[in-house]
Every structure is written in C-alpha cells, then in structure tokens.
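**Q** So here's start.cif (mmCIF, C-alpha atoms).
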data_target
loop_
_atom_site.label_atom_id
_atom_site.label_comp_id
_atom_site.auth_asym_id
_atom_site.auth_seq_id
_atom_site.Cartn_x
_atom_site.Cartn_y
_atom_site.Cartn_z
CA MET A 28 117.72 73.06 99.06
CA ASP A 29 115.71 74.13 96.00
CA GLU A 30 112.50 76.18 96.15
CA GLN A 31 110.17 73.24 95.63
CA GLU A 32 111.75 71.15 98.36
CA LEU A 33 111.92 74.13 100.71
CA ALA A 34 108.22 74.89 100.21
CA SER A 35 107.28 71.23 100.59
CA ARG A 36 109.23 70.87 103.84
CA CYS A 37 107.73 74.11 105.20
CA HIS A 38 104.28 72.75 104.37
CA ARG A 39 105.06 69.59 106.35
CA GLY A 40 105.96 71.75 109.37
CA ASP A 41 109.74 71.35 109.20
CA ASN A 42 111.06 74.14 111.44
CA ALA A 43 114.57 73.98 109.96
CA ALA A 44 113.06 74.61 106.51
CA ARG A 45 110.96 77.46 107.91
CA ARG A 46 114.06 79.03 109.41
CA GLU A 47 115.88 78.66 106.07
CA LEU A 48 112.95 80.25 104.23
CA TYR A 49 112.94 83.16 106.69
CA GLU A 50 116.71 83.63 106.51
CA THR A 51 116.77 83.35 102.72
CA TYR A 52 113.89 85.69 101.93
CA GLY A 53 113.37 87.78 105.09
CA SER A 54 115.48 90.78 104.10
CA ARG A 55 113.97 90.96 100.61
CA LEU A 56 110.46 90.72 102.01
CA LEU A 57 111.22 93.40 104.60
CA SER A 58 112.52 95.68 101.86
CA LEU A 59 109.27 95.14 99.95
CA CYS A 60 107.19 95.81 103.06
CA ARG A 61 109.05 99.08 103.72
CA ARG A 62 107.73 100.46 100.43
CA TYR A 63 104.13 100.08 101.52
CA ALA A 64 104.29 100.55 105.28
CA VAL A 65 103.67 103.72 107.26
CA ASP A 66 107.02 103.45 109.07
CA ALA A 67 109.80 100.97 109.93
CA ALA A 68 107.87 99.38 112.81
CA ASP A 69 104.83 98.90 110.56
CA ALA A 70 107.10 97.28 107.93
CA GLU A 71 108.49 94.85 110.52
CA ASP A 72 104.96 93.95 111.65
CA LEU A 73 103.86 93.50 108.06
CA MET A 74 106.81 91.23 107.31
CA GLN A 75 106.13 89.12 110.41
CA ASP A 76 102.42 88.88 109.55
CA SER A 77 103.41 87.89 106.02
CA PHE A 78 105.58 85.02 107.24
CA VAL A 79 102.84 83.82 109.58
CA LYS A 80 100.42 83.72 106.65
CA ILE A 81 103.03 82.23 104.29
CA PHE A 82 103.69 79.37 106.71
CA ARG A 83 99.93 78.84 107.12
CA VAL A 84 99.10 78.73 103.39
CA ILE A 85 102.35 77.51 101.80
CA GLY A 86 100.55 74.36 100.70
CA ARG A 87 98.86 76.55 98.04
CA PHE A 88 102.21 77.48 96.47
CA ARG A 89 102.77 75.98 93.01
CA TRP A 90 106.26 76.12 91.61
CA THR A 91 106.37 77.32 88.00
CA ARG A 92 109.94 78.57 87.48
CA PRO A 93 113.02 79.60 89.45
CA GLY A 94 112.10 82.61 91.55
CA SER A 95 108.42 81.73 91.75
CA LEU A 96 108.60 81.05 95.50
CA TYR A 97 109.68 84.61 96.27
CA SER A 98 107.14 85.98 93.78
CA TRP A 99 104.40 84.07 95.55
CA MET A 100 105.64 85.23 98.96
CA ALA A 101 105.77 88.84 97.73
CA ARG A 102 102.17 88.54 96.53
CA VAL A 103 101.11 87.36 100.00
CA ALA A 104 102.91 90.32 101.59
CA LEU A 105 101.47 92.80 99.08
CA ASN A 106 97.95 91.53 99.68
CA LEU A 107 98.40 91.99 103.42
CA ALA A 108 99.87 95.47 102.90
CA PHE A 109 96.98 96.54 100.70
CA ASP A 110 94.38 95.07 103.01
CA SER A 111 95.92 97.07 105.83
CA ALA A 112 96.13 100.24 103.75
CA ARG A 113 92.56 99.86 102.54
CA LYS A 114 91.46 99.63 106.14
CA ARG A 115 93.21 102.91 106.78
CA LYS A 116 91.75 104.27 103.51
CA ARG A 117 95.10 105.78 102.61
CA ILE A 118 95.38 104.48 99.07
CA THR A 119 92.08 104.56 97.26
CA ARG A 120 91.19 108.13 98.26
CA ASP A 121 94.05 109.39 96.08
CA LEU A 122 93.36 107.31 93.00
CA VAL A 123 91.98 109.12 90.02
CA ASP A 124 89.43 108.11 87.45
CA VAL A 125 90.63 108.08 83.85
CA ASP A 126 88.13 110.80 82.90
CA ALA A 127 89.95 113.25 85.18
CA LEU A 128 92.99 113.08 82.89
CA LYS A 129 91.31 113.90 79.59
CA GLY A 130 93.18 116.64 77.81
CA GLU A 131 96.13 116.65 80.23
CA VAL A 132 99.42 116.83 78.34
CA VAL A 133 102.65 116.20 80.19
CA ASP A 134 106.05 117.33 78.96
CA GLU A 135 108.18 114.57 80.44
CA PRO A 136 111.92 115.16 80.73
CA ASP A 137 114.07 112.98 78.51
CA TYR A 138 116.49 110.34 79.76
CA GLU A 139 119.54 112.61 79.89
CA GLN A 140 117.67 115.22 81.91
CA THR A 141 116.31 112.66 84.34
CA ALA A 142 119.74 111.02 84.67
CA ALA A 143 121.13 114.39 85.80
CA VAL A 144 118.93 114.28 88.91
CA PRO A 145 120.55 112.47 91.87
CA ALA A 146 118.89 109.21 92.90
CA GLU A 147 118.19 110.59 96.40
CA ALA A 148 116.21 113.46 94.89
CA ILE A 149 114.20 111.05 92.70
CA HIS A 150 113.47 108.88 95.75
CA ARG A 151 112.28 111.96 97.67
CA MET A 152 110.03 112.92 94.75
CA ILE A 153 108.52 109.43 94.62
CA ALA A 154 108.05 109.36 98.40
CA ALA A 155 106.25 112.73 98.22
CA LEU A 156 103.62 111.45 95.77
CA PRO A 157 100.12 111.06 97.22
CA ASP A 158 99.79 107.55 98.68
CA GLY A 159 97.53 106.15 95.96
CA TYR A 160 99.64 107.44 93.08
CA ARG A 161 102.86 106.31 94.75
CA THR A 162 101.45 102.85 95.37
CA VAL A 163 100.37 102.37 91.75
CA PHE A 164 103.67 103.83 90.50
CA GLU A 165 105.74 101.49 92.68
CA LEU A 166 103.66 98.43 91.87
CA TYR A 167 103.90 99.13 88.16
CA CYS A 168 107.52 100.30 87.96
CA PHE A 169 109.26 98.38 90.75
CA GLU A 170 107.14 95.27 91.20
CA GLU A 171 106.37 95.10 87.45
CA LEU A 172 102.70 94.29 87.97
CA SER A 173 100.21 94.85 85.17
CA HIS A 174 97.34 97.30 85.54
CA LYS A 175 95.00 94.32 85.85
CA GLU A 176 97.05 92.89 88.73
CA ILE A 177 97.21 96.30 90.41
CA ALA A 178 93.46 96.77 90.00
CA ASP A 179 92.81 93.35 91.54
CA LEU A 180 95.13 94.07 94.48
CA LEU A 181 93.68 97.50 95.21
CA GLY A 182 90.07 96.73 94.41
CA ILE A 183 89.88 99.41 91.71
CA LYS A 184 89.20 99.53 88.00
CA GLU A 185 92.04 98.81 85.61
CA LYS A 186 91.57 102.24 84.03
CA SER A 187 91.93 103.88 87.44
CA SER A 188 95.29 102.15 87.84
CA SER A 189 96.40 103.39 84.43
CA ALA A 190 95.15 106.91 85.13
CA SER A 191 96.82 107.00 88.54
CA LEU A 192 100.12 105.93 86.98
CA ALA A 193 99.76 108.72 84.41
CA ARG A 194 99.07 111.25 87.17
CA ALA A 195 102.07 110.00 89.19
CA ARG A 196 104.29 110.34 86.13
CA ALA A 197 102.97 113.84 85.47
CA ILE A 198 103.71 114.91 89.05
CA LEU A 199 107.19 113.38 88.87
CA ALA A 200 107.86 115.08 85.51
CA ARG A 201 106.95 118.46 86.98
CA SER A 202 109.08 117.78 90.06
CA ILE A 203 112.06 116.83 87.90
CA ARG A 204 111.61 119.97 85.78
CA GLN A 205 111.49 122.08 88.96
CA TYR A 206 114.65 120.40 90.23
CA LEU A 207 116.45 120.98 86.93
CA ASP A 208 115.36 124.62 86.98
CA GLY A 209 117.00 124.98 90.40
CA ASN A 210 113.75 125.13 92.29
CA ASP A 211 114.03 121.97 94.42
CA THR A 212 110.98 122.55 96.57
CA ALA A 213 107.95 120.43 97.25
CA PRO A 214 106.83 118.35 94.27
CA ALA A 215 104.35 119.97 91.92
CA GLN A 216 100.99 118.27 92.25
#
Can the structure from this file be put into structure tokens for me?
**A**
Amino acid sequence: MDEQELASRCHRGDNAARRELYETYGSRLLSLCRRYAVDAADAEDLMQDSFVKIFRVIGRFRWTRPGSLYSWMARVALNLAFDSARKRKRITRDLVDVDALKGEVVDEPDYEQTAAVPAEAIHRMIAALPDGYRTVFELYCFEELSHKEIADLLGIKEKSSSASLARARAILARSIRQYLDGNDTAPAQ
C-alpha cells in the first residue's frame, strides 16, 4: 500500500492500516525519539504519544513526494518532544545568543583528523554536549532542518539556533582535538 492510501485508510479509522503504519514506521520513529528523550522509557512513551497524535490528526497530512509521510510523522514526534523538553526547561536554558559568540574563533579539525576518531567516541562527545546545543546540532545535522525550522520548533530566534550550532561545533572541535592529543576526558566546554 502506498503512503497516500495508507494515510487515507488510517484517517478513515482502518485498524489494519494503522497497524501497518505502526509496523512500517515504528522503529524509525522510536530511533528518532531516543535522540530527544531523557531515557529509553521516555523515548517509548514519546513514540506512543506520537502515534496517538498521528492517528488523531492524520487527516491533516498532505502527500507531496515519496517519503513525505514519514517526514510528517517525524515532525509530529519532534513537536511533542520539544513541547515536553520545554516544559522541563532542559533545552532553552543552554541556548546562546549570537552576540555571545562575537570574536570566538574555532580551529576545527579537518576531515582526516575527524575520521581518525572512532564513531563511538564522536557519539559520546555529541551526547555530552549541553542539552540545548546537542538538540540544535542534531536537528541541523541529523534531521537536516534549517535554522528557521529549528527556531520555530524550539520557540527561539533563528540567530540563536545558528549561534548554538556554532557553539556545539566549537565544543566538539575542542573535544576532538583533546581526543587526538591523547587526552580523552570530558569534552571541553
């Protein structure tokens, strides 16, 4: 069944279509939720809440291209994740205003240097970023959202998104340099 038909049948309350939607996209949505949840149980709850909302508002989905159904579902899940995080005030407290970065110069490692760092170490470095920086970094780099989209999701200014990405990259660059120098300790912030 194609995306349009699947969405249409879900909208009409077809439980077989809902099951197919869940089975087709559940693991991908859970993986997305894990990036923004406090722990595994929170990710499971977030995914379940996302499907409840998806089934409730699927009539709003408009197909535009192959893959647009998952993109729309991911947006629903991200909005729920950010609403939850905003309530806990974990994200916005770490975001930086663009003025805080004036004059900061970062010596980023080149591709070969970065490629020499094991993926597990890079993942640890990303996970160790302050919540706000990590969230902007992941949305920009992994979810490929624009700064405008990130700003809208987080309720911040577009420049704050850009500045927070720059700060995240600066922290990661210092962490990678420390790793390459044999000093694999806590990330430099």
**Q** Point out the residue among A:Arg61, A:Thr51, A:Ala197, A:Ala34 with the least atom-to-atom distance to A:Trp99, counting all atoms listed in the file.
**A**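 When distances to A:Trp99 are compared using all atoms listed in the file, the smallest one comes from A:Ala34.
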**Q** Which is closest to A:Gln140 among A:Asp208, A:Asp179, A:Asp158, A:Asp66, if we use only C-alpha atoms?
**A** A:Asp208
**Q** Evaluate the PyMOL selection byres ((chain A and resi 192) around 9) against this structure - the residues, as an NGL selection string, please.
**A** :A and (160-161 or 163-164 or 167 or 187-191 or 193-197)
**Q** Can you write out the residues you just picked, keeping C-alpha atoms, as a tab-separated table (two decimals), in the frame of the given file?
**A**
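New file out.tsv:
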chain	number	residue	atom	x	y	z
A	160	TYR	CA	99.64	107.44	93.08
A	161	ARG	CA	102.86	106.31	94.75
A	163	VAL	CA	100.37	102.37	91.75
A	164	PHE	CA	103.67	103.83	90.50
A	167	TYR	CA	103.90	99.13	88.16
A	187	SER	CA	91.93	103.88	87.44
A	188	SER	CA	95.29	102.15	87.84
A	189	SER	CA	96.40	103.39	84.43
A	190	ALA	CA	95.15	106.91	85.13
A	191	SER	CA	96.82	107.00	88.54
A	193	ALA	CA	99.76	108.72	84.41
A	194	ARG	CA	99.07	111.25	87.17
A	195	ALA	CA	102.07	110.00	89.19
A	196	ARG	CA	104.29	110.34	86.13
A	197	ALA	CA	102.97	113.84	85.47
**Q** Determine the nearest neighbour of A:Tyr138 from the options A:Met74, A:Ala155, A:Ile203, A:Val65, counting only C-alpha atoms.
**A**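 Smallest separation from A:Tyr138 among the options: A:Ile203.
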**Q** On this file, the PyMOL selection byres ((chain A and resi 30) around 9) gives some set of residues; write that set as a list of chain:residue names.
**A**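 With the shown file as input, the PyMOL selection byres ((chain A and resi 30) around 9) matches A:Met28, A:Asp29, A:Gln31, A:Glu32, A:Leu33, A:Ala34, A:Ser35, A:Trp90, A:Pro93, A:Gly94, A:Ser95, A:Leu96, A:Tyr97.
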**Q** Run the PyMOL selection byres ((chain A and resi 108) around 8) mentally over the shown coordinates, then write out the matched residues as a ChimeraX atom specification, using the chain letters and numbers from the document.
**A** /A:60,63-64,73,104-107,109-112
**Q** Can you tell me how far atom CA of A:Ala43 sits from atom CA of A:Arg87, in Å to one decimal?
**A** 19.9 Å
**Q** May I ask for the distance between atom CA of A:Arg83 and atom CA of A:Asp69, given in Å to one decimal place?
**A**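 Distance between the two atoms: 20.9 Å.
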